[in-house]
$ cat start.txt   # compact mmCIF, C-alpha atoms
# COMPACT_ATOMS: atom_id res chain seq x y z
CA MET A 24 -68.02 117.27 -57.84
CA ARG A 25 -71.75 116.75 -57.28
CA LEU A 26 -71.34 117.82 -53.67
CA TRP A 27 -69.79 121.12 -54.68
CA THR A 28 -72.44 121.67 -57.31
CA ALA A 29 -75.11 121.06 -54.70
CA ILE A 30 -73.46 123.42 -52.22
CA GLY A 31 -73.04 126.10 -54.88
CA LEU A 32 -76.63 125.74 -55.99
CA SER A 33 -77.98 125.87 -52.48
CA LEU A 34 -76.01 129.04 -51.82
CA VAL A 35 -77.34 130.75 -54.90
CA VAL A 36 -80.96 129.82 -55.44
CA SER A 37 -82.26 128.03 -52.42
CA GLY A 38 -80.91 130.26 -49.67
CA CYS A 39 -84.08 132.35 -49.87
CA ALA A 40 -87.42 132.11 -51.56
CA THR A 41 -87.27 133.06 -55.22
CA PHE A 42 -90.93 134.03 -55.45
CA HIS A 43 -93.61 135.25 -53.12
CA LEU A 44 -97.21 136.23 -53.64
CA THR A 45 -98.30 139.76 -52.88
CA GLN A 46 -101.99 138.88 -53.20
CA GLU A 47 -103.12 135.98 -51.03
CA PRO A 48 -105.02 133.73 -51.20
CA PHE A 49 -104.20 133.27 -54.87
CA GLN A 50 -106.13 131.28 -57.43
CA PRO A 51 -105.04 131.59 -61.07
CA LYS A 52 -107.68 133.33 -63.18
CA GLY A 53 -106.36 132.12 -66.50
CA LYS A 54 -103.66 130.03 -68.09
CA LYS A 55 -101.88 132.27 -70.56
CA LEU A 56 -98.59 133.65 -69.29
CA ALA A 57 -95.65 135.45 -70.82
CA VAL A 58 -92.18 135.93 -69.42
CA ILE A 59 -90.57 139.09 -70.76
CA SER A 60 -87.39 141.03 -70.19
CA GLY A 61 -87.64 144.61 -68.95
CA MET A 62 -84.15 145.33 -70.28
CA THR A 63 -82.40 144.99 -73.62
CA ASN A 64 -79.20 143.33 -72.37
CA ALA A 65 -78.32 139.79 -73.40
CA SER A 66 -78.53 138.29 -69.90
CA SER A 67 -82.11 139.55 -69.29
CA LEU A 68 -83.23 138.24 -72.68
CA SER A 69 -81.62 134.86 -72.22
CA LEU A 70 -83.10 134.53 -68.71
CA ALA A 71 -86.58 135.34 -69.98
CA GLU A 72 -86.24 132.61 -72.57
CA VAL A 73 -84.88 129.97 -70.18
CA LEU A 74 -87.44 130.75 -67.47
CA GLY A 75 -90.28 130.69 -70.02
CA ASP A 76 -89.16 127.25 -71.19
CA GLU A 77 -88.78 125.89 -67.65
CA LEU A 78 -92.12 127.33 -66.59
CA GLY A 79 -93.76 125.69 -69.59
CA LYS A 80 -92.40 122.34 -68.41
CA ALA A 81 -93.06 122.77 -64.68
CA SER A 82 -96.46 124.48 -64.62
CA ARG A 83 -99.90 124.26 -66.19
CA PHE A 84 -99.45 127.80 -67.55
CA GLN A 85 -99.50 128.11 -71.33
CA VAL A 86 -96.31 130.06 -71.73
CA LEU A 87 -95.77 132.23 -74.81
CA SER A 88 -92.47 131.59 -76.60
CA GLN A 89 -90.02 134.47 -76.98
CA LYS A 90 -90.81 134.41 -80.70
CA GLN A 91 -94.49 135.01 -79.93
CA VAL A 92 -93.53 137.75 -77.49
CA ALA A 93 -91.38 139.47 -80.12
CA GLN A 94 -94.22 139.22 -82.65
CA SER A 95 -96.75 140.73 -80.22
CA ILE A 96 -94.71 143.64 -78.87
CA PRO A 97 -93.48 146.14 -81.46
CA ASN A 98 -89.71 146.62 -81.14
CA TYR A 99 -89.27 144.04 -78.36
CA PRO A 100 -87.07 144.12 -76.28
CA GLN A 101 -87.56 147.55 -74.80
CA LEU A 102 -86.46 149.19 -71.61
CA VAL A 103 -89.18 149.17 -68.95
CA LYS A 104 -88.30 151.14 -65.83
CA GLY A 105 -87.69 148.48 -63.20
CA PRO A 106 -88.29 148.12 -59.46
CA TYR A 107 -84.92 149.33 -58.20
CA LYS A 108 -82.98 152.48 -57.32
CA SER A 109 -79.61 151.09 -58.37
CA ALA A 110 -78.28 147.73 -59.46
CA TYR A 111 -74.54 147.28 -59.65
CA PHE A 112 -73.30 144.58 -57.29
CA GLU A 113 -76.57 144.36 -55.40
CA ILE A 114 -80.03 145.37 -56.47
CA ASP A 115 -81.42 148.18 -54.32
CA VAL A 116 -85.04 147.14 -54.72
CA ASP A 117 -87.89 149.64 -54.73
CA TYR A 118 -91.08 148.13 -56.15
CA ALA A 119 -92.69 151.56 -56.39
CA LYS A 120 -90.32 152.48 -59.21
CA THR A 121 -91.74 150.12 -61.85
CA ASP A 122 -93.33 151.80 -64.86
CA LEU A 123 -96.78 150.26 -64.39
CA ALA A 124 -98.34 152.14 -67.30
CA ARG A 125 -95.81 150.55 -69.62
CA VAL A 126 -96.43 147.12 -68.07
CA ARG A 127 -100.18 147.45 -68.69
CA GLU A 128 -99.50 148.47 -72.28
CA LEU A 129 -97.31 145.40 -72.81
CA GLN A 130 -99.93 143.16 -71.20
CA GLN A 131 -102.48 144.43 -73.72
CA HIS A 132 -100.16 143.73 -76.64
CA LEU A 133 -99.58 140.19 -75.40
CA GLY A 134 -103.17 139.38 -74.45
CA VAL A 135 -102.07 137.15 -71.57
CA ASP A 136 -103.62 136.49 -68.18
CA TYR A 137 -100.28 136.81 -66.39
CA LEU A 138 -97.16 138.71 -67.21
CA TYR A 139 -93.85 137.97 -65.50
CA VAL A 140 -91.41 140.84 -66.14
CA LEU A 141 -87.80 140.30 -65.15
CA TRP A 142 -84.82 142.63 -64.96
CA ALA A 143 -81.24 141.32 -64.78
CA PRO A 144 -79.25 144.55 -64.61
CA ALA A 145 -75.83 143.16 -63.68
CA THR A 146 -73.69 140.03 -63.68
CA VAL A 147 -70.99 139.99 -61.05
CA THR A 148 -67.88 137.88 -60.55
CA ARG A 149 -66.39 137.81 -57.07
CA GLY A 150 -62.96 136.23 -56.61
CA GLY A 151 -61.56 133.30 -58.61
CA SER A 152 -62.17 129.57 -58.62
CA THR A 153 -60.10 127.16 -56.55
CA LEU A 154 -59.29 123.50 -56.91
CA PHE A 155 -62.33 122.62 -54.82
CA PHE A 156 -64.75 125.39 -55.58
CA LYS A 157 -65.90 126.86 -58.86
CA ASN A 158 -66.83 130.48 -58.49
CA TYR A 159 -69.52 131.18 -61.07
CA PRO A 160 -70.42 134.67 -62.26
CA ILE A 161 -73.74 135.52 -60.66
CA THR A 162 -76.62 137.30 -62.34
CA GLN A 163 -78.98 139.10 -60.00
CA ILE A 164 -82.60 139.27 -60.94
CA VAL A 165 -85.63 141.18 -59.78
CA ALA A 166 -89.06 140.38 -61.19
CA GLN A 167 -92.76 141.02 -60.77
CA LEU A 168 -95.82 139.00 -61.75
CA PHE A 169 -98.82 140.98 -62.98
CA GLU A 170 -102.41 139.85 -63.51
CA SER A 171 -104.79 140.95 -66.27
CA PRO A 172 -106.87 142.97 -66.63
CA GLY A 173 -105.56 146.04 -64.87
CA GLY A 174 -102.00 144.92 -64.36
CA LYS A 175 -102.35 144.24 -60.65
CA GLU A 176 -99.12 142.96 -59.12
CA VAL A 177 -99.68 139.49 -57.65
CA GLY A 178 -96.13 138.32 -57.01
CA ARG A 179 -92.52 139.38 -56.62
CA SER A 180 -89.13 137.76 -57.04
CA GLN A 181 -85.57 138.58 -56.18
CA TYR A 182 -82.86 135.99 -56.65
CA ALA A 183 -79.49 135.25 -58.17
CA VAL A 184 -78.53 132.55 -60.64
CA ARG A 185 -75.22 131.18 -61.81
CA VAL A 186 -73.84 131.81 -65.28
CA ASP A 187 -71.49 129.45 -67.09
CA ASP A 188 -68.36 131.51 -67.70
CA GLN A 189 -67.53 129.57 -70.88
CA THR A 190 -70.87 129.75 -72.66
CA HIS A 191 -72.18 132.88 -70.86
CA GLN A 192 -75.48 131.03 -70.49
CA VAL A 193 -77.41 130.86 -67.26
CA LEU A 194 -77.42 127.39 -65.68
CA SER A 195 -80.80 125.91 -66.51
CA GLU A 196 -80.91 123.93 -63.25
CA ASP A 197 -81.01 127.22 -61.35
CA MET A 198 -83.89 128.48 -63.47
CA ARG A 199 -85.69 125.13 -63.06
CA ARG A 200 -85.74 125.74 -59.30
CA VAL A 201 -87.16 129.22 -59.83
CA ALA A 202 -89.85 127.88 -62.20
CA LEU A 203 -90.83 125.09 -59.81
CA GLU A 204 -91.23 127.49 -56.90
CA LEU A 205 -93.33 129.87 -58.98
CA ALA A 206 -95.55 127.01 -60.18
CA GLU A 207 -95.88 125.67 -56.65
CA LYS A 208 -96.85 128.99 -55.09
CA THR A 209 -99.33 129.87 -57.83
CA HIS A 210 -100.94 126.40 -57.51
CA THR A 211 -100.16 125.53 -61.11
CA LEU A 212 -97.59 122.80 -60.56
CA LYS A 213 -97.93 120.00 -63.15
CA MET B 9 -65.81 143.09 -78.82
CA LEU B 10 -63.02 145.05 -77.24
CA ASN B 11 -59.98 142.90 -77.21
CA GLN B 12 -59.43 142.27 -73.52
CA ARG B 13 -55.66 142.75 -73.59
CA TYR B 14 -55.02 145.98 -75.47
CA PRO B 15 -57.27 148.40 -73.59
CA GLN B 16 -56.26 146.88 -70.26
CA ALA B 17 -52.58 147.21 -71.19
CA LEU B 18 -53.24 150.81 -72.25
CA ILE B 19 -54.94 151.61 -68.96
CA ALA B 20 -52.28 149.77 -66.95
CA LEU B 21 -49.61 151.82 -68.73
CA ALA B 22 -51.50 155.01 -68.06
CA LEU B 23 -51.80 154.04 -64.38
CA PHE B 24 -48.10 153.28 -64.22
CA LEU B 25 -47.11 156.55 -65.85
CA GLY B 26 -49.64 158.58 -63.97
CA GLY B 27 -48.88 156.97 -60.63
CA CYS B 28 -52.31 157.77 -59.23
CA GLY B 29 -55.54 156.06 -58.30
CA GLY B 30 -57.03 156.16 -61.80
CA GLY B 31 -55.73 157.19 -65.18
CA GLY B 32 -55.95 157.24 -68.94
CA THR B 33 -57.34 159.61 -71.54
CA ILE B 34 -60.31 161.57 -70.29
CA PHE B 35 -61.23 163.33 -73.53
CA VAL B 36 -58.94 163.98 -76.49
CA LEU B 37 -59.65 165.12 -80.02
CA LYS B 38 -58.27 162.82 -82.70
CA ASP B 39 -57.21 165.84 -84.68
CA PRO B 40 -56.09 168.55 -82.22
CA GLY B 41 -56.86 171.19 -84.85
CA TYR B 42 -60.49 170.12 -85.17
CA ALA B 43 -63.01 172.68 -83.88
CA VAL B 44 -66.07 171.26 -82.13
CA LYS B 45 -69.05 173.38 -83.11
CA PRO B 46 -71.30 174.43 -80.21
CA THR B 47 -74.34 172.87 -81.88
CA SER B 48 -76.02 169.72 -80.58
CA VAL B 49 -75.09 166.33 -79.18
CA THR B 50 -76.75 163.06 -78.20
CA VAL B 51 -75.11 160.80 -75.66
CA ILE B 52 -75.82 157.14 -76.23
CA THR B 53 -74.65 154.20 -74.20
CA GLY B 54 -72.83 151.46 -76.04
CA GLY B 55 -73.65 148.91 -73.35
CA SER B 56 -76.88 147.86 -71.74
CA GLU B 57 -75.94 147.20 -68.12
CA GLU B 58 -77.08 149.49 -65.35
CA SER B 59 -73.66 151.20 -65.11
CA ASP B 60 -73.72 152.03 -68.85
CA LEU B 61 -77.15 153.61 -68.57
CA LYS B 62 -76.18 155.67 -65.54
CA LEU B 63 -72.96 156.87 -67.14
CA ALA B 64 -74.89 158.05 -70.22
CA GLU B 65 -77.42 159.77 -67.95
CA TYR B 66 -74.74 161.58 -65.96
CA LEU B 67 -72.81 162.61 -69.07
CA THR B 68 -76.00 163.97 -70.64
CA GLN B 69 -76.70 165.96 -67.49
CA GLU B 70 -73.18 167.37 -67.26
CA LEU B 71 -73.04 168.38 -70.92
CA ARG B 72 -76.48 170.00 -70.71
CA ASP B 73 -75.69 171.92 -67.53
CA ARG B 74 -72.20 173.09 -68.39
CA THR B 75 -71.78 173.44 -72.15
CA GLN B 76 -73.36 175.55 -74.86
CA LEU B 77 -74.39 172.48 -76.84
CA LYS B 78 -78.02 171.44 -77.11
CA VAL B 79 -78.15 168.03 -75.47
CA ILE B 80 -80.89 165.47 -76.08
CA ASP B 81 -82.30 163.90 -72.89
CA GLN B 82 -81.93 160.16 -72.37
CA GLU B 83 -85.71 159.89 -72.14
CA GLU B 84 -86.02 161.38 -75.63
CA VAL B 85 -83.35 159.01 -76.91
CA SER B 86 -85.34 156.10 -75.48
CA LYS B 87 -88.50 157.31 -77.20
CA ALA B 88 -86.78 157.78 -80.55
CA ILE B 89 -85.00 154.42 -80.45
CA PRO B 90 -87.47 151.86 -79.07
CA SER B 91 -84.85 149.18 -78.43
CA TYR B 92 -82.48 151.61 -76.65
CA PRO B 93 -80.09 150.88 -74.99
CA ILE B 94 -78.46 148.94 -77.77
CA ALA B 95 -75.11 147.22 -77.46
CA VAL B 96 -72.65 148.99 -79.75
CA LYS B 97 -69.83 146.62 -80.62
CA THR B 98 -66.32 147.81 -79.96
CA VAL B 99 -62.92 147.10 -81.42
CA GLU B 100 -59.39 147.28 -80.10
CA GLU B 101 -56.94 150.08 -80.69
CA ARG B 102 -55.64 149.94 -84.26
CA ASN B 103 -52.57 151.65 -85.65
CA GLY B 104 -52.55 154.12 -82.80
CA GLU B 105 -56.07 155.22 -83.71
CA VAL B 106 -58.27 154.93 -80.69
CA GLU B 107 -61.61 154.11 -82.27
CA TRP B 108 -63.74 151.94 -80.06
CA VAL B 109 -66.81 151.95 -82.27
CA ASP B 110 -66.73 148.93 -84.56
CA PRO B 111 -66.93 150.21 -88.18
CA ALA B 112 -69.73 147.68 -88.74
CA GLU B 113 -71.83 149.67 -86.25
CA LYS B 114 -71.60 152.95 -88.14
CA PRO B 115 -74.72 152.41 -90.28
CA ARG B 116 -76.70 151.71 -87.08
CA LEU B 117 -75.37 154.87 -85.45
CA GLN B 118 -76.15 156.79 -88.64
CA LYS B 119 -79.79 155.67 -88.35
CA ILE B 120 -79.91 156.79 -84.72
CA GLN B 121 -78.43 160.15 -85.64
CA ALA B 122 -80.96 160.53 -88.46
CA LYS B 123 -83.75 160.21 -85.89
CA LEU B 124 -82.21 162.51 -83.31
CA LYS B 125 -80.72 164.97 -85.79
CA THR B 126 -77.82 166.18 -83.65
CA ASN B 127 -74.44 167.18 -85.05
CA TYR B 128 -72.60 164.89 -82.66
CA VAL B 129 -73.25 161.46 -81.17
CA PHE B 130 -71.19 160.66 -78.09
CA VAL B 131 -71.04 156.90 -77.45
CA VAL B 132 -69.90 155.84 -73.96
CA TRP B 133 -69.25 152.48 -72.34
CA SER B 134 -68.58 151.52 -68.74
CA LYS B 135 -66.71 148.25 -68.70
CA ARG B 136 -65.24 145.84 -66.17
CA LEU B 137 -67.02 147.25 -63.14
CA LYS B 138 -65.26 145.62 -60.20
CA GLN B 139 -65.56 145.51 -56.45
CA THR B 140 -62.45 144.67 -54.43
CA SER B 141 -62.92 144.05 -50.71
CA TYR B 142 -60.22 144.31 -48.08
CA CYS B 143 -60.88 142.98 -44.61
CA SER B 144 -58.40 143.71 -41.85
CA ASN B 145 -57.62 141.15 -39.14
CA ARG B 146 -58.86 143.64 -36.56
CA GLY B 147 -62.28 143.42 -38.11
CA GLY B 148 -64.02 145.66 -40.60
CA CYS B 149 -63.92 145.59 -44.36
CA SER B 150 -63.58 148.28 -46.99
CA ASN B 151 -64.51 148.13 -50.65
CA THR B 152 -62.94 149.74 -53.67
CA TYR B 153 -64.98 150.01 -56.84
CA SER B 154 -63.43 150.52 -60.24
CA ALA B 155 -64.61 150.85 -63.81
CA ASP B 156 -63.07 151.44 -67.22
CA VAL B 157 -64.74 154.22 -69.16
CA TYR B 158 -64.57 154.36 -72.97
CA GLY B 159 -66.00 156.88 -75.36
CA ASN B 160 -66.01 158.09 -78.95
CA MET B 161 -67.70 161.19 -80.27
CA LEU B 162 -68.83 161.05 -83.88
CA GLU B 163 -69.51 164.04 -86.09
CA TYR B 164 -72.37 164.13 -88.58
CA PRO B 165 -73.11 164.10 -91.46
CA SER B 166 -69.59 162.73 -92.05
CA GLY B 167 -69.89 159.97 -89.41
CA GLN B 168 -66.23 160.48 -88.51
CA ILE B 169 -64.93 159.78 -85.03
CA VAL B 170 -63.56 163.05 -83.66
CA SER B 171 -62.62 162.18 -80.08
CA HIS B 172 -61.66 159.33 -77.82
CA THR B 173 -61.88 158.53 -74.15
CA ALA B 174 -60.35 155.60 -72.23
CA PHE B 175 -59.69 155.81 -68.54
CA ASN B 176 -60.06 153.96 -65.29
CA ARG B 177 -61.79 155.44 -62.27
CA ARG B 178 -61.84 154.10 -58.71
CA ASN B 179 -63.78 154.98 -55.61
CA SER B 180 -63.53 153.54 -52.11
CA ASP B 181 -66.20 153.44 -49.47
CA SER B 182 -65.82 154.63 -45.89
CA VAL B 183 -67.49 154.02 -42.54
CA LEU B 184 -70.32 156.18 -43.83
CA ALA B 185 -71.21 153.29 -46.17
CA LEU B 186 -73.44 152.01 -43.38
CA PHE B 187 -75.71 155.00 -43.82
CA ARG B 188 -75.65 155.16 -47.60
CA SER B 189 -77.69 153.46 -50.31
CA LYS B 190 -76.34 150.28 -51.90
CA GLY B 191 -75.19 151.82 -55.15
CA TYR B 192 -73.91 155.10 -53.69
CA TYR B 193 -70.18 154.64 -54.32
CA VAL B 194 -70.61 153.29 -57.86
CA ASP B 195 -73.02 156.13 -58.65
CA GLU B 196 -70.46 158.59 -57.32
CA LEU B 197 -67.73 156.95 -59.45
CA LEU B 198 -69.83 157.21 -62.61
CA LYS B 199 -70.89 160.77 -61.84
CA LYS B 200 -67.27 161.80 -61.27
CA SER B 201 -66.29 160.12 -64.55
CA ALA B 202 -68.92 162.18 -66.41
CA GLU B 203 -67.78 165.37 -64.65
CA ASP B 204 -64.17 164.70 -65.63
CA ILE B 205 -65.09 164.09 -69.27
CA VAL B 206 -67.00 167.38 -69.39
CA ASP B 207 -64.16 169.27 -67.62
CA GLU B 208 -61.80 168.15 -70.38
CA PHE B 209 -64.43 168.63 -73.07
CA ILE B 210 -64.89 172.27 -72.07
CA LYS B 211 -61.16 172.87 -71.79
CA ILE B 212 -60.45 171.42 -75.24
CA THR B 213 -63.48 172.58 -77.19
CA ASN B 214 -63.99 175.93 -75.50
CA THR B 215 -67.75 175.37 -75.43
CA GLY B 216 -68.39 176.02 -71.74
CA LYS B 217 -71.39 178.08 -70.71
CA GLY B 218 -70.66 181.73 -70.09
CA LYS B 219 -67.98 181.90 -72.80

$ encode --input "start.txt" --output "structure tokens"
Amino acid sequence: MRLWTAIGLSLVVSGCATFHLTQEPFQPKGKKLAVISGMTNASSLSLAEVLGDELGKASRFQVLSQKQVAQSIPNYPQLVKGPYKSAYFEIDVDYAKTDLARVRELQQHLGVDYLYVLWAPATVTRGGSTLFFKNYPITQIVAQLFESPGGKEVGRSQYAVRVDDQTHQVLSEDMRRVALELAEKTHTLK
Amino acid sequence: MLNQRYPQALIALALFLGGCGGGGTIFVLKDPGYAVKPTSVTVITGGSEESDLKLAEYLTQELRDRTQLKVIDQEEVSKAIPSYPIAVKTVEERNGEVEWVDPAEKPRLQKIQAKLKTNYVFVVWSKRLKQTSYCSNRGGCSNTYSADVYGNMLEYPSGQIVSHTAFNRRNSDSVLALFRSKGYYVDELLKKSAEDIVDEFIKITNTGKGK
């Protein structure tokens, strides 16, 4: 069972990098970070919460809770135009499409040094499970990390994580991997 | 939530009876004698996935371009309702009445309507978006995409549901897929769904431009 879990996990999150810096060399200029959802759907919101929690554990960033985020941004969650042309079964990424003005506005509301905005526009199930292999629904995510002040983009992410089909919750082990990689690459690993 | 079995059974029956690649009810008035007034309408998505948003966008565009109704842009809807898109809960078919909007959601829709001030609110959902791949043993694969489209139009100030929509649409890719963007065939499917709804809408309500 563990073998299949490991194979499944490696196929989903560790096949490719889940985060890369767009500004190098990178040295963090502050500690306050918020993870927010750029969409109003349940999967984006739940992912923002799980990643925020995992990042709080894995990194030296002081991560705002989703409660603090909701208190700081009027009417959170809100739709922020994301970095893609379409996103049904695959995300057709186009980083030029992000509504940067809106991102800067949100950054000001939150008063953080770093803002990680994620979009999870679709969860896809392909085929059924077999006796030997559990086929999890997969949520695809695209995200950007912005630095204050000015909202300069310093990092990008595109990855997929597994969702438990019973609880509809993302598997926290997948998000732990994402958080660890982000912490490692931003030199904030605990 | 929509009961999984009833709408699927309904669509399966429609497919069986129709004997074609997609089927169901495109747009039907609950009371055939009801006259839709050529006033104003807001399309809102009842789901918050990418396909729901695109369907609402395409339906808005089609209604604006082809009917006499004043149609509120999705951008304006977003501005008026900060947490838009909101998930509008749905219910199964009851007593032959095809009302997808959960009655518990009506006060929320009423608030939205009060902000947008249109005579009609058209709620649409795109559900069960699927991709089925077929690979031949001579090499090469093709994909068929399908989605179930649901809709209810509500009239205000009464808040009554005046129409229903429930159909399945499919679209298959071709060798040209190699040269097309990733979401092309799903976009096309959603656009065609919106076009079909407005074709029926115009036919039934007699509100087409140029009338």

$ closest_residue --input "start.txt" --among "B:Leu117, B:Lys38, B:Tyr164, B:Gly31" --to "B:Ile212" --atoms "all atoms listed in the file"
B:Lys38

$ residues_around --input "start.txt" --residues "A:Ala143" --least-positions-apart "4" --cutoff "7 Å" --atoms "all atoms listed in the file" --output "MDAnalysis selection string"
chainID A and resid 66:67 162:165

$ residues_around --input "start.txt" --residues "B:Leu67" --least-positions-apart "4" --cutoff "8 Å" --atoms "all atoms listed in the file" --output "number ranges by chain"
B: 51, 63, 71, 199, 202-203, 205-206

$ closest_residue --input "start.txt" --among "B:Leu162, B:Ala155, B:Val132, B:Val36" --to "B:Glu196" --atoms "all atoms listed in the file"
B:Ala155

$ interface_residues --input "start.txt" --of "chain B" --to "chain A" --cutoff "7 Å" --atoms "only C-alpha atoms" --output "list in words"
Ser56, Glu57, Glu58, Ser59, Pro90, Ser91, Tyr92, Pro93, Ile94, Lys190 and Gly191 of chain B

$ closest_residue --input "start.txt" --among "B:Asp207, B:Glu83, B:Asp39, B:Asp73" --to "B:Val170" --atoms "all atoms listed in the file"
B:Asp39

$ residues_near_point --input "start.txt" --point "(-71.1, 171.6, -81.8)" --cutoff "12 Å" --atoms "all atoms listed in the file" --output "PDB file with C-alpha atoms, in the coordinates of the input"
ATOM      1  CA  TYR B  42     -60.490 170.120 -85.170  1.00  0.00           C
ATOM      2  CA  ALA B  43     -63.010 172.680 -83.880  1.00  0.00           C
ATOM      3  CA  VAL B  44     -66.070 171.260 -82.130  1.00  0.00           C
ATOM      4  CA  LYS B  45     -69.050 173.380 -83.110  1.00  0.00           C
ATOM      5  CA  PRO B  46     -71.300 174.430 -80.210  1.00  0.00           C
ATOM      6  CA  THR B  47     -74.340 172.870 -81.880  1.00  0.00           C
ATOM      7  CA  SER B  48     -76.020 169.720 -80.580  1.00  0.00           C
ATOM      8  CA  VAL B  49     -75.090 166.330 -79.180  1.00  0.00           C
ATOM      9  CA  THR B  50     -76.750 163.060 -78.200  1.00  0.00           C
ATOM     10  CA  LEU B  71     -73.040 168.380 -70.920  1.00  0.00           C
ATOM     11  CA  THR B  75     -71.780 173.440 -72.150  1.00  0.00           C
ATOM     12  CA  GLN B  76     -73.360 175.550 -74.860  1.00  0.00           C
ATOM     13  CA  LEU B  77     -74.390 172.480 -76.840  1.00  0.00           C
ATOM     14  CA  LYS B  78     -78.020 171.440 -77.110  1.00  0.00           C
ATOM     15  CA  VAL B  79     -78.150 168.030 -75.470  1.00  0.00           C
ATOM     16  CA  THR B 126     -77.820 166.180 -83.650  1.00  0.00           C
ATOM     17  CA  ASN B 127     -74.440 167.180 -85.050  1.00  0.00           C
ATOM     18  CA  TYR B 128     -72.600 164.890 -82.660  1.00  0.00           C
ATOM     19  CA  VAL B 129     -73.250 161.460 -81.170  1.00  0.00           C
ATOM     20  CA  PHE B 130     -71.190 160.660 -78.090  1.00  0.00           C
ATOM     21  CA  MET B 161     -67.700 161.190 -80.270  1.00  0.00           C
ATOM     22  CA  LEU B 162     -68.830 161.050 -83.880  1.00  0.00           C
ATOM     23  CA  GLU B 163     -69.510 164.040 -86.090  1.00  0.00           C
ATOM     24  CA  TYR B 164     -72.370 164.130 -88.580  1.00  0.00           C
ATOM     25  CA  VAL B 170     -63.560 163.050 -83.660  1.00  0.00           C
ATOM     26  CA  PHE B 209     -64.430 168.630 -73.070  1.00  0.00           C
ATOM     27  CA  ILE B 210     -64.890 172.270 -72.070  1.00  0.00           C
ATOM     28  CA  THR B 213     -63.480 172.580 -77.190  1.00  0.00           C
ATOM     29  CA  ASN B 214     -63.990 175.930 -75.500  1.00  0.00           C
ATOM     30  CA  THR B 215     -67.750 175.370 -75.430  1.00  0.00           C
ATOM     31  CA  GLY B 216     -68.390 176.020 -71.740  1.00  0.00           C
TER      32      GLY B 216
END

$ residues_around --input "start.txt" --residues "A:Leu194" --least-positions-apart "4" --cutoff "8 Å" --atoms "all atoms listed in the file" --output "PDB file with C-alpha atoms, in the coordinates of the input"
ATOM      1  CA  VAL A 184     -78.530 132.550 -60.640  1.00  0.00           C
ATOM      2  CA  ARG A 185     -75.220 131.180 -61.810  1.00  0.00           C
ATOM      3  CA  VAL A 186     -73.840 131.810 -65.280  1.00  0.00           C
ATOM      4  CA  ASP A 187     -71.490 129.450 -67.090  1.00  0.00           C
ATOM      5  CA  MET A 198     -83.890 128.480 -63.470  1.00  0.00           C
TER       6      MET A 198
END

$ residues_around --input "start.txt" --residues "B:Leu124" --least-positions-apart "6" --cutoff "9 Å" --atoms "all atoms listed in the file" --output "count of residues only"
5

$ axis_aligned_box --input "start.txt" --around "stretch 124-131 of chain B" --padding-each-side "6 Å" --output "AutoDock Vina command-line options"
--center_x -76.6 --center_y 162.0 --center_z -81.6 --size_x 23.2 --size_y 22.3 --size_z 20.3

$ atom_distance --input "start.txt" --atom1 "atom CA of A:Lys213" --atom2 "atom CA of A:Val126"
27.6 Å

$ atom_distance --input "start.txt" --atom1 "atom CA of A:Phe84" --atom2 "atom CA of A:Gly105"
24.2 Å

$ atom_distance --input "start.txt" --atom1 "atom CA of A:Arg179" --atom2 "atom CA of A:Glu204"
12.0 Å

$ closest_residue --input "start.txt" --among "B:Arg188, B:Lys135, B:Lys217, B:Lys97" --to "B:Leu61" --atoms "all atoms listed in the file"
B:Lys135

$ residues_near_point --input "start.txt" --point "(-61.2, 161.3, -79.5)" --cutoff "10 Å" --atoms "all atoms listed in the file" --output "JSON, numbers by chain"
{"B": [33, 34, 35, 36, 37, 38, 39, 40, 105, 106, 107, 108, 159, 160, 161, 162, 169, 170, 171, 172, 173, 174]}
